[in-house]
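All remarks here apply to the structure that follows.
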Amino acid sequence: MTVPGSENAANAARIINGMSVDVEEWFQVGAFENTIDKQSWDDLQSRVVTNTSAVLDLFAERGVTATFFTLGWVAHRHPALIRRIVGAGHEIASHGWDHQRVFTMSAAEFRADLRRARAALEDAGGVAVTGYRAPSFSIDSRTPWAHAVLAEEGYLYSSSVAPVAHDHYGWRESPRFAWQPLSDSDMIELPVSVAELGRRRMAVGGGFFRLLPAALTDLAVRQANGAGHGGMFYFHPWEVDPDQPRVTNAPMRSRLRHYSRLGAMSGKLRGLLKRHSWGRVDAVAMQERRG
């Protein structure tokens with residue numbers, strides 16, 4: 001006898017959900033891009049090694065492997081951190097060189113950014129880099145050339161689209177789950193997960209996870225799994241660091257988004273890691289290709 005709903009639950013249990021970390025310094029975020037000059041970055045307190053180490057310890061507690069979408073800028077300055085990530089069984093993927101949004105670049109500039117970042121990541125980690133995430137999910141309707149450039153550069157997947165409407169980013173018209181952007185390439189796009197409530201889509205990763213009930217992220221994962229897809233969750237190492245410096249001259253909205261509920265993040269992450277099956281994004285990409 002089959003218990004109603006048990007088959008769907010069993011299928012969901014077999015699906016790998018993507019756990020991903022966008023590795024950047026606290027001062028490299030989109031919220032502060034108009035407040036903190038890039039020329040000052042080397043003069044600011046670096047916290048990325050300590051914060052990423054805390055994330056690695058958290059994953060080790062649960063036996064979870066993940067993908068670390070890392071800036072080339074970070075890899076160039078902290079190669080030992082990249083080696084530690086790789087040594088723990090996690091995937092290193094590209095987050096671009098210095099968090100420049102894709103839609104601010106030409107196709108040629110984007111290609112140069114990809115190559116510079118990949119060289120730093122592969123030199124530090126000693127492994128091939130085949131995944132990419134655009135800073136601030138900045139692949140959207142303004143960048144019709146971006147996926148083609150990624151495919152030409154040998155990337156197997158991108159996780160660069162947020163299928164929502166938002167003032168900071170978003171491509172509402174994108175498919176909600178994994179899709180193939182090019183007819184002549186097997187490269188796939190793995191959008192970050194959103195929860196759908198009626199006709200409304202709600203972002204659930206990063207700051208949204210900190211600010212909103214965790215049940216909303218659980219709903220997004222269950223909806224993805226129910227449709228036969230892996231969920232895609234993301235956060236940043238600086239989000240587990242409530243003691244980071246405060247940028248007092250940033251706009252109020254930026255400060256609220258960046259600093260709210262940092263102290264709650266580690267506990268919420270522990271709960272999320274327990275409630276679903278998580279793995280590397282390259283494993284999710286392989287899962288999606290198998291159908």
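Each chain of the structure tokens is named A, B, ... in the order shown, its residues numbered from 1; ligands are numbered from 1 in display order.
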
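Proximity to Asp186 of chain A at 12 Å, evaluated using only C-alpha atoms and with sequence-adjacent residues fewer than 2 positions away removed, yields A:His147, A:Ala148, A:Leu150, A:Ala151, A:Glu152, A:Gly154, A:Tyr155, A:Leu156, A:Tyr157, A:Ser158, A:Ala178, A:Trp179, A:Gln180, A:Pro181, A:Leu182, A:Ser183, A:Asp184, A:Ile188, A:Glu189, A:Ala285, A:Met286, A:Glu288, A:Arg289, A:Arg290.
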
Okay, now the selection with N, CA, C and O atoms, as a short mmCIF file (atom, residue, chain, number, x, y, z; two decimals), in the first residue's frame?
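Below you can see result23.cif, which holds the result:
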```
data_model
loop_
_atom_site.label_atom_id
_atom_site.label_comp_id
_atom_site.auth_asym_id
_atom_site.auth_seq_id
_atom_site.Cartn_x
_atom_site.Cartn_y
_atom_site.Cartn_z
N HIS A 147 25.28 34.67 -21.92
CA HIS A 147 25.35 33.21 -21.89
C HIS A 147 26.22 32.66 -23.02
O HIS A 147 26.93 31.67 -22.83
N ALA A 148 26.17 33.31 -24.17
CA ALA A 148 27.01 32.86 -25.29
C ALA A 148 28.49 33.01 -24.94
O ALA A 148 29.31 32.12 -25.24
N LEU A 150 29.80 32.95 -21.92
CA LEU A 150 30.10 31.91 -20.93
C LEU A 150 30.32 30.56 -21.60
O LEU A 150 31.27 29.83 -21.28
N ALA A 151 29.47 30.21 -22.54
CA ALA A 151 29.62 28.93 -23.24
C ALA A 151 30.92 28.89 -24.03
O ALA A 151 31.65 27.88 -24.02
N GLU A 152 31.24 29.99 -24.71
CA GLU A 152 32.48 30.05 -25.48
C GLU A 152 33.71 29.93 -24.59
O GLU A 152 34.75 29.40 -25.02
N GLY A 154 33.87 28.06 -22.02
CA GLY A 154 33.94 26.71 -21.47
C GLY A 154 33.19 26.49 -20.17
O GLY A 154 33.40 25.45 -19.51
N TYR A 155 32.32 27.40 -19.79
CA TYR A 155 31.54 27.19 -18.57
C TYR A 155 30.42 26.20 -18.83
O TYR A 155 29.77 26.23 -19.89
N LEU A 156 30.20 25.30 -17.88
CA LEU A 156 29.18 24.27 -18.02
C LEU A 156 27.83 24.72 -17.47
O LEU A 156 26.79 24.20 -17.88
N TYR A 157 27.87 25.64 -16.53
CA TYR A 157 26.61 26.16 -16.00
C TYR A 157 26.81 27.58 -15.49
O TYR A 157 27.92 28.01 -15.18
N SER A 158 25.69 28.28 -15.40
CA SER A 158 25.62 29.59 -14.78
C SER A 158 24.50 29.55 -13.76
O SER A 158 23.50 28.86 -13.94
N ALA A 178 15.69 25.40 -13.85
CA ALA A 178 16.81 25.24 -14.79
C ALA A 178 16.34 25.32 -16.24
O ALA A 178 15.31 24.77 -16.61
N TRP A 179 17.13 26.06 -17.05
CA TRP A 179 16.80 26.18 -18.46
C TRP A 179 18.07 26.28 -19.30
O TRP A 179 19.14 26.56 -18.78
N GLN A 180 17.92 26.00 -20.57
CA GLN A 180 19.04 26.00 -21.49
C GLN A 180 18.96 27.26 -22.35
O GLN A 180 18.09 27.38 -23.21
N PRO A 181 19.83 28.23 -22.13
CA PRO A 181 19.71 29.52 -22.82
C PRO A 181 20.15 29.51 -24.27
O PRO A 181 19.80 30.43 -25.03
N LEU A 182 20.94 28.50 -24.69
CA LEU A 182 21.48 28.47 -26.04
C LEU A 182 21.11 27.17 -26.73
O LEU A 182 21.24 26.09 -26.15
N SER A 183 20.68 27.27 -27.97
CA SER A 183 20.27 26.07 -28.70
C SER A 183 21.46 25.22 -29.14
O SER A 183 21.31 24.02 -29.40
N ASP A 184 22.64 25.83 -29.22
CA ASP A 184 23.82 25.10 -29.71
C ASP A 184 24.82 24.78 -28.60
O ASP A 184 25.99 24.53 -28.86
N ILE A 188 23.75 25.18 -18.98
CA ILE A 188 22.44 25.47 -18.42
C ILE A 188 22.52 26.63 -17.43
O ILE A 188 23.56 26.90 -16.84
N GLU A 189 21.41 27.31 -17.29
CA GLU A 189 21.23 28.36 -16.30
C GLU A 189 20.42 27.78 -15.15
O GLU A 189 19.38 27.15 -15.35
N ALA A 285 23.65 20.71 -11.42
CA ALA A 285 23.69 20.85 -12.88
C ALA A 285 23.66 19.48 -13.57
O ALA A 285 22.94 19.26 -14.55
N MET A 286 24.43 18.53 -13.03
CA MET A 286 24.46 17.18 -13.60
C MET A 286 23.09 16.52 -13.44
O MET A 286 22.60 15.85 -14.35
N GLU A 288 20.21 18.01 -13.31
CA GLU A 288 19.27 18.63 -14.24
C GLU A 288 19.48 18.10 -15.66
O GLU A 288 18.51 17.91 -16.40
N ARG A 289 20.73 17.86 -16.04
CA ARG A 289 20.99 17.33 -17.39
C ARG A 289 20.43 15.92 -17.55
O ARG A 289 19.97 15.56 -18.63
N ARG A 290 20.46 15.14 -16.45
CA ARG A 290 19.91 13.77 -16.52
C ARG A 290 18.39 13.82 -16.62
O ARG A 290 17.77 12.85 -17.04
#
```

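Residue neighbourhood of Met202 of chain A, excluding near-sequence residues (fewer than 6 positions): Val164, Ala165, Ser193, Val194, Ala195, Glu196, Phe208, Leu216 and Ala220 of chain A, at 9 Å, using only C-alpha atoms.
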
- Task: Extract, using only C-alpha atoms, all DNA, RNA and protein residues at most 7 Å from Val281 of chain A, discarding same-chain residues fewer than 4 positions from it, and format them as a count of residues only.
- Result: 5

Would you mind listing, for every residue of segment 7-102 of chain A within 9 Å of segment 255-268 of chain A, the two atoms forming the shortest contact and the distance between them in Å to one decimal, using only C-alpha atoms, sorted by chain and ascending residue number, as JSON lines?
```
{"residue": "A:Val29", "atom": "CA", "partner": "A:His258", "partner_atom": "CA", "distance": 8.7}
{"residue": "A:Ala31", "atom": "CA", "partner": "A:His258", "partner_atom": "CA", "distance": 7.2}
{"residue": "A:Phe32", "atom": "CA", "partner": "A:Arg255", "partner_atom": "CA", "distance": 8.6}
{"residue": "A:Val55", "atom": "CA", "partner": "A:Ser266", "partner_atom": "CA", "distance": 8.6}
{"residue": "A:Leu58", "atom": "CA", "partner": "A:Ser266", "partner_atom": "CA", "distance": 8.1}
```

Keeping only C-alpha atoms, take the residues you just selected and write them out as an mmCIF file, in the first residue's frame.
```cif
data_model
loop_
_atom_site.group_PDB
_atom_site.id
_atom_site.type_symbol
_atom_site.label_atom_id
_atom_site.label_comp_id
_atom_site.auth_asym_id
_atom_site.auth_seq_id
_atom_site.Cartn_x
_atom_site.Cartn_y
_atom_site.Cartn_z
ATOM 1 C CA VAL A 29 28.646 44.248 -1.866
ATOM 2 C CA ALA A 31 24.652 47.859 -1.422
ATOM 3 C CA PHE A 32 27.872 49.833 -0.921
ATOM 4 C CA VAL A 55 30.938 28.918 7.046
ATOM 5 C CA LEU A 58 29.165 25.161 9.801
#
```

For the interface of segment 118-193 of chain A with segment 228-251 of chain A (cut-off 10 Å, counting only C-alpha atoms), please tabulate each contacting residue of segment 118-193 of chain A alongside its nearest pair of atoms and their separation in Å to one decimal, rows sorted by chain and increasing number, as JSON lines.
```
{"residue": "A:Ser159", "atom": "CA", "partner": "A:Met232", "partner_atom": "CA", "distance": 8.5}
{"residue": "A:Phe177", "atom": "CA", "partner": "A:His229", "partner_atom": "CA", "distance": 6.9}
{"residue": "A:Ala178", "atom": "CA", "partner": "A:His229", "partner_atom": "CA", "distance": 7.5}
{"residue": "A:Leu190", "atom": "CA", "partner": "A:Met232", "partner_atom": "CA", "distance": 7.5}
{"residue": "A:Pro191", "atom": "CA", "partner": "A:Met232", "partner_atom": "CA", "distance": 7.1}
{"residue": "A:Val192", "atom": "CA", "partner": "A:Met232", "partner_atom": "CA", "distance": 4.8}
{"residue": "A:Ser193", "atom": "CA", "partner": "A:Met232", "partner_atom": "CA", "distance": 5.0}
```

- All alpha helix (DSSP H) positions in segment 58-282 of chain A, as a PyMOL selection string: chain A and resi 58-62+72-77+79-87+107-125+146-152+206-211+214-226+252-259+265-275+281-282

Please, could you write that set of residues out with C-alpha atoms as an mmCIF file, in the first residue's frame?
```
data_model
loop_
_atom_site.group_PDB
_atom_site.id
_atom_site.type_symbol
_atom_site.label_atom_id
_atom_site.label_comp_id
_atom_site.auth_asym_id
_atom_site.auth_seq_id
_atom_site.Cartn_x
_atom_site.Cartn_y
_atom_site.Cartn_z
ATOM 1 C CA LEU A 58 29.165 25.161 9.801
ATOM 2 C CA PHE A 59 29.032 22.940 6.706
ATOM 3 C CA ALA A 60 31.387 20.439 8.321
ATOM 4 C CA GLU A 61 28.990 20.118 11.283
ATOM 5 C CA ARG A 62 26.286 18.835 8.917
ATOM 6 C CA GLY A 72 39.037 36.503 -8.393
ATOM 7 C CA TRP A 73 40.089 39.524 -6.314
ATOM 8 C CA VAL A 74 39.671 37.419 -3.161
ATOM 9 C CA ALA A 75 41.412 34.357 -4.599
ATOM 10 C CA HIS A 76 44.410 36.463 -5.684
ATOM 11 C CA ARG A 77 44.869 37.815 -2.144
ATOM 12 C CA PRO A 79 44.994 31.596 -2.090
ATOM 13 C CA ALA A 80 45.232 29.507 1.088
ATOM 14 C CA LEU A 81 41.510 30.059 1.649
ATOM 15 C CA ILE A 82 40.756 28.699 -1.820
ATOM 16 C CA ARG A 83 42.900 25.647 -1.135
ATOM 17 C CA ARG A 84 41.061 25.056 2.127
ATOM 18 C CA ILE A 85 37.693 25.205 0.378
ATOM 19 C CA VAL A 86 38.817 22.733 -2.279
ATOM 20 C CA GLY A 87 40.464 20.485 0.296
ATOM 21 C CA ALA A 107 30.772 41.472 -24.192
ATOM 22 C CA ALA A 108 34.533 41.946 -24.644
ATOM 23 C CA GLU A 109 34.923 43.377 -21.132
ATOM 24 C CA PHE A 110 32.869 40.524 -19.704
ATOM 25 C CA ARG A 111 35.101 37.967 -21.434
ATOM 26 C CA ALA A 112 38.215 39.649 -20.021
ATOM 27 C CA ASP A 113 36.673 39.699 -16.541
ATOM 28 C CA LEU A 114 35.852 35.980 -16.778
ATOM 29 C CA ARG A 115 39.373 35.086 -17.856
ATOM 30 C CA ARG A 116 41.058 37.165 -15.187
ATOM 31 C CA ALA A 117 38.909 35.710 -12.408
ATOM 32 C CA ARG A 118 39.242 32.121 -13.604
ATOM 33 C CA ALA A 119 43.031 32.374 -13.794
ATOM 34 C CA ALA A 120 43.214 33.542 -10.168
ATOM 35 C CA LEU A 121 40.800 30.865 -8.957
ATOM 36 C CA GLU A 122 42.465 28.002 -10.807
ATOM 37 C CA ASP A 123 45.968 29.127 -9.826
ATOM 38 C CA ALA A 124 44.916 29.206 -6.167
ATOM 39 C CA GLY A 125 42.780 26.071 -6.075
ATOM 40 C CA ALA A 146 26.269 36.892 -21.727
ATOM 41 C CA HIS A 147 25.352 33.207 -21.889
ATOM 42 C CA ALA A 148 27.014 32.858 -25.285
ATOM 43 C CA VAL A 149 30.248 34.301 -23.896
ATOM 44 C CA LEU A 150 30.098 31.911 -20.932
ATOM 45 C CA ALA A 151 29.616 28.928 -23.238
ATOM 46 C CA GLU A 152 32.477 30.048 -25.482
ATOM 47 C CA GLY A 206 20.812 36.116 1.320
ATOM 48 C CA GLY A 207 19.292 39.070 3.117
ATOM 49 C CA PHE A 208 15.762 37.846 2.412
ATOM 50 C CA PHE A 209 16.574 34.678 4.358
ATOM 51 C CA ARG A 210 17.799 36.777 7.272
ATOM 52 C CA LEU A 211 14.778 39.070 7.276
ATOM 53 C CA ALA A 214 12.645 30.517 7.220
ATOM 54 C CA ALA A 215 9.412 28.782 6.243
ATOM 55 C CA LEU A 216 9.401 30.859 3.060
ATOM 56 C CA THR A 217 12.742 29.372 1.989
ATOM 57 C CA ASP A 218 11.461 25.905 2.881
ATOM 58 C CA LEU A 219 8.463 26.576 0.633
ATOM 59 C CA ALA A 220 10.720 27.613 -2.258
ATOM 60 C CA VAL A 221 12.766 24.412 -1.912
ATOM 61 C CA ARG A 222 9.654 22.232 -1.680
ATOM 62 C CA GLN A 223 8.158 23.903 -4.739
ATOM 63 C CA ALA A 224 11.337 23.307 -6.741
ATOM 64 C CA ASN A 225 11.519 19.688 -5.610
ATOM 65 C CA GLY A 226 7.838 19.160 -6.341
ATOM 66 C CA MET A 252 19.582 54.002 5.059
ATOM 67 C CA ARG A 253 17.989 51.356 2.838
ATOM 68 C CA SER A 254 21.418 49.873 2.065
ATOM 69 C CA ARG A 255 22.360 49.770 5.742
ATOM 70 C CA LEU A 256 19.081 48.113 6.690
ATOM 71 C CA ARG A 257 19.495 45.456 4.020
ATOM 72 C CA HIS A 258 23.110 44.766 4.870
ATOM 73 C CA TYR A 259 23.135 44.776 8.680
ATOM 74 C CA MET A 265 22.019 34.065 10.418
ATOM 75 C CA SER A 266 24.147 31.195 11.726
ATOM 76 C CA GLY A 267 21.281 29.695 13.685
ATOM 77 C CA LYS A 268 18.880 29.970 10.759
ATOM 78 C CA LEU A 269 21.429 28.341 8.467
ATOM 79 C CA ARG A 270 21.876 25.403 10.826
ATOM 80 C CA GLY A 271 18.147 24.799 10.727
ATOM 81 C CA LEU A 272 17.996 25.052 6.937
ATOM 82 C CA LEU A 273 20.879 22.617 6.504
ATOM 83 C CA LYS A 274 19.004 20.043 8.613
ATOM 84 C CA ARG A 275 15.693 20.272 6.779
ATOM 85 C CA VAL A 281 25.942 23.246 -7.644
ATOM 86 C CA ASP A 282 27.849 21.196 -10.220
#
```

- Query: If you count only C-alpha atoms, which residues fall within 9 Å of Gly30 of chain A, apart from same-chain ones fewer than 6 positions away, as a ChimeraX atom specification?
  - Reply: /A:99-101,135-136,168,254

Generate a file of the selected residues that holds C-alpha atoms, formatted as a CSV table (one decimal), in the first residue's frame.
```csv
chain,number,residue,atom,x,y,z
A,99,HIS,CA,31.9,42.3,-8.3
A,100,GLN,CA,31.3,44.5,-11.4
A,101,ARG,CA,27.7,43.9,-12.7
A,135,PRO,CA,27.6,39.6,-9.2
A,136,SER,CA,24.2,40.8,-8.0
A,168,HIS,CA,18.3,45.8,-7.0
A,254,SER,CA,21.4,49.9,2.1
```

- Message: Ranking A:Phe69, A:Trp171, A:Phe137, A:Trp145 by minimum distance to Ser106 of chain A and counting only C-alpha atoms, which one comes first?
- Response: A:Trp145

- Mind giving me the straight-line distance from atom CA of Val23 of chain A to atom CA of Leu71 of chain A in Å, one decimal? 6.4 Å

- Give the strand (DSSP E) residues of segment 115-261 of chain A, as DSSP finds them on the backbone, and put them as a ChimeraX atom specification. /A:131-132,157-158,188-189,194-197,200-203,232-235

- Query: So how many Å separate atom CA of Ser138 of chain A and atom CA of Leu197 of chain A, to one decimal?
  - Reply: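 Result for atom CA of Ser138 of chain A versus atom CA of Leu197 of chain A: 24.1 Å, one decimal.
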